[in-house]
Every structure is written in C-alpha cells, then in structure tokens.
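Encoded as structure tokens, the structure appears first; notes follow it.
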Amino acid sequence: VNTVLGPVGSTQLGMVLPHEHCYVSSAGMLAVYPERVPLDFVIPEAVAALKQLKEAGGSTIVDCTTHDLGRNVEVMARISRESGINIICTTGSWIDPPRSFQMMRPKDLAELYIREATIGIEGTGIKAGIIKCAHETGTTWERGKGFTPAGEITCRAAAIAQRATGLPITTHTEVEERTGLAQIKVFEEEGVDMNRVYIGHCNDSSDLDYLTEMLQRGVWLGLDRTVPEEPGSARPNWEGRAMTIKRLIDVGWGHRIMLSHDWMVFQGFLPTKVAKKLRTLNPDGYTFILHNVIPRLHELGVSKQQTDAILYENPRRFFSNLK
C-alpha cells in the first residue's frame with residue numbers, strides 16, 4: 001500500500017481511518033497565497049492531533065485531499081514522519097475540478113491519475129495509494145438530473161485509472177441525490193471490480209434501503225462523517241449515526257463497512273469563526289470514534305470483536321482486495 005513515506009504491507013496498516021484530511025484549501029492557494037494556508041499553525045496542529053490518534057490506538061489515515069482541495073504531499077510526509085501515523089494520499093478530484101480537467105476526455109484525465117499512482121506526485125516520488133472522485137450538486141452534479149459533463153468525466157477517469165493501476169477508489173457522495181448509486185453504475189459500465197470501490201459519506205443517510213442497495217452491488221460503504229453535528233442540523237447526529245452502524249451490523253453487513261470522521265485541523269475555505277466552532281463541537285478530533293462511537297456501539301450490544309473487525313480487518317481487506 002502506497003503511503004507518503006513509501007509502501008507498507010497491508011498487515012502493517014493497523015487501525016485505519018479511511019476518510020480524513022490533514023487540512024483542506026483550494027488548488028494553488030499554498031503556493032500563491034501562503035498566508036491563507038498557515039503551515040506554522042497547520043503542521044503542529046495536525047502532528048499533535050495525529051499523535052493523539054496514535055496514543056489512542058490508531059495507525060493509519062487516508063488523506064482524501066485532492067489537487068482541487070489544495071493537496072501538498074510534502075506537507076503530508078512531514079506530518080506523517082513527525083506524528084508516527086501512516087498517511088495514504090489520493091489522486092483524482094473533489095467537487096471542484098479545474099476547468100482543464102473538465103475539457104479532457106476521461107482516458108486523458110486518467111493518464112494524470114495513473115502517473116500520480118505509478119511515478120509520483122509533483123516530482124516528489126510520493127505515490128498515491130487511492131483514487132478519488134466526488135459528485136454533489138454543483139460542478140459535478142445537477143440536482144434532479146444527474147452527472148454534469150464534468151462529473152461524468154471525473155467518474156469515468158477514476159474508473160479507467162483504477163483498472164490500469166489496481167488501486168482502490170474512494171468517493172464523495174450526496175445522499176439526498178443518491179449519487180453513490182450513479183457512481184456505481186459508471187464503475188460497472190467501465191468494468192471496475194466493485195470490491196475495489198469505497199462509497200463515501202454514506203452515513204449522512206439512515207435509509208437502510210439505500211445503503212443496502214449499494215452494498216448488494218458489491219461495494220464497501222464509508223460511514224465516514226461520524227462527528228458531532230451543530231444543534232439544529234438536518235444531518236443525523238453522531239448517536240443516530242451509531243445506530244445506523246448497529247443496524248447494518250444486525251442485518252449482516254458489518255464485514256463491508258468502515259468508519260471515519262472526515263476531520264481536518266484547518267479548513268481554508270471556511271471563515272475562522274466557523275472553523276473554531278467545529279473544533280469546539282469536536283475537541284476529540286481524529287479520536288472521536290475511538291473515544292465515543294465505539295463505546296456507544298458496545299453499549300448497544302455490538303461486540304469488541306465486531307468493532308475491531310470494522311476498524312482493523314475491513315480496511316486491510318479493502319486495500320488487499322480480499323472479499
């Protein structure tokens with residue numbers, strides 16, 4: 001498995017959080033407007049937060065920050081080295097793909113992803129360990145209608161790159177539009193092995209019919225927004241999300257789900273006061289699942305063996321392509 005410090009065996013991944021970020025911004029911001037990505041704050045904050053994760057039993061995160069989210073793999077490598085946490089970085093795109101991507105054919109865009117997976121990113125030699133695509137209302141999805149042209153290009157490019165490299169795919173979805181099902185359809189059309197597909201942000205929904213419909217197609221589900229929500233939020237709170245995990249385990253899908261937070265220590269596109277509010281809501285950061293959700297699942301009757309399998313075995317099987 002490619003990490004920002006080099007390949008590691010899947011058995012060395014330990015406890016994995018499959019959808020996190022060290023920080024997010026926008027493409028080019030760090031190079032052009034470095035004051036908007038204050039690394040003197042970001043790096044020590046991320047190192048400290050990931051050291052807390054390591055002390056709590058964590059070993060690996062997948063940093064799903066793509067080019068259009070301001071990815072910098074050298075910063076990730078420094079954070080990984082100083083924290084002792086494995087970081088798997090991604091190629092692909094988020095919901096803000098550059099205009100240049102939108103004008104390409106899928107196979108041409110896929111070539112860029114393939115290079116980042118096989119040769120390295122931005123001349124660093126650091127190779128992506130996973131491929132991302134993202135679809136929600138906006139640049140990549142039209143509400144009530146489906147993929148925009150840009151969205152279909154990025155989805156098919158991810159599929160083509162997956163087949164060429166063997167790397168797994170991770171996705172960002174909008175549950176209100178059920179974009180996960182549309183992504184799966186494209187992956188099937190492109191001949192992707194569904195065992196290599198992780199559909200993300202699924203626990204924004206508690207609709208078991210929707211969730212099991214995707215699971216029945218052979219993918220993995222990312223229940224990866226498991227953090228406290230603001231009071232009055234339309235999204236499920238973390239206790240409700242824990243109940244969705246329990247329900248999926250009860251109906252036999254515990255072996256196909258993974259848990260994460262979608263957390264980061266800095267959000268460059270949010271006002272400072274909003275970012276501070278989020279940190280106040282979740283002072284546990286990357287350890288919220290370990291300190292709160294796992295104990296809650298045990299209270300609900302889920303065994304330690306079952307939660308360990310979700311945290312350790314499922315990610316190992318996903319990255320090893322084991323069913």
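Within each chain, counting starts at residue 1; across the structure tokens, chains are named A, B, ... in the order shown, with ligands numbered 1 upward in that order.
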Which residues are near A:Asn72? Cut-off 10 Å, only C-alpha atoms, ignore same chain within fewer than 2 positions. Put them as an MDAnalysis selection string.
chainID A and resid 23:24 27:28 30:31 65:67 69:70 74:77 89 121:122
Output for the residues just chosen: C-alpha atoms as a PDB file, in the first residue's frame:
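result_29.pdb, freshly written:
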```
ATOM      1  CA  TYR A  23      -6.061  20.275   6.090  1.00  0.00           C
ATOM      2  CA  VAL A  24      -8.069  21.485   3.104  1.00  0.00           C
ATOM      3  CA  ALA A  27      -5.708  24.363  -5.678  1.00  0.00           C
ATOM      4  CA  GLY A  28      -2.726  26.704  -5.762  1.00  0.00           C
ATOM      5  CA  LEU A  30      -0.423  27.396  -0.648  1.00  0.00           C
ATOM      6  CA  ALA A  31       1.905  28.443  -3.468  1.00  0.00           C
ATOM      7  CA  THR A  65      -7.310  15.766  -0.102  1.00  0.00           C
ATOM      8  CA  THR A  66      -7.090  16.013  -3.884  1.00  0.00           C
ATOM      9  CA  HIS A  67      -5.408  18.599  -6.113  1.00  0.00           C
ATOM     10  CA  LEU A  69      -8.576  20.691  -2.252  1.00  0.00           C
ATOM     11  CA  GLY A  70      -5.045  22.053  -2.017  1.00  0.00           C
ATOM     12  CA  GLU A  74       5.409  17.010   1.093  1.00  0.00           C
ATOM     13  CA  VAL A  75       3.455  18.589   3.940  1.00  0.00           C
ATOM     14  CA  MET A  76       1.668  15.261   4.452  1.00  0.00           C
ATOM     15  CA  ALA A  77       5.015  13.449   4.537  1.00  0.00           C
ATOM     16  CA  CYS A  89      -2.679  10.153  -0.136  1.00  0.00           C
ATOM     17  CA  ILE A 121       3.106  13.435  -7.460  1.00  0.00           C
ATOM     18  CA  GLU A 122       4.640  16.777  -8.458  1.00  0.00           C
TER      19      GLU A 122
END
```
So that I can check the surroundings of A:Val42, please list as a PyMOL selection string every protein, DNA and RNA residue that reaches within 8 Å of it, counting only C-alpha atoms and ignoring chain neighbours fewer than 5 positions away.
chain A and resi 22-23+37+265-266
I'd like to know which of A:Phe187, A:Trp238, A:Phe269, A:Trp253 is closest to A:Ile289, using only C-alpha atoms.
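Nearest candidate to A:Ile289 out of A:Phe187, A:Trp238, A:Phe269, A:Trp253: A:Trp238.
Note that the spacing between atom CA of A:Val219 and atom CA of A:Ile257 amounts to 9.2 Å.
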Considering only C-alpha atoms, can you say which of A:Val4, A:Val192, A:Cys202, A:Ala150 comes closest to A:Gly222?
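Comparing A:Val4, A:Val192, A:Cys202, A:Ala150 against A:Gly222, the winner is A:Cys202.
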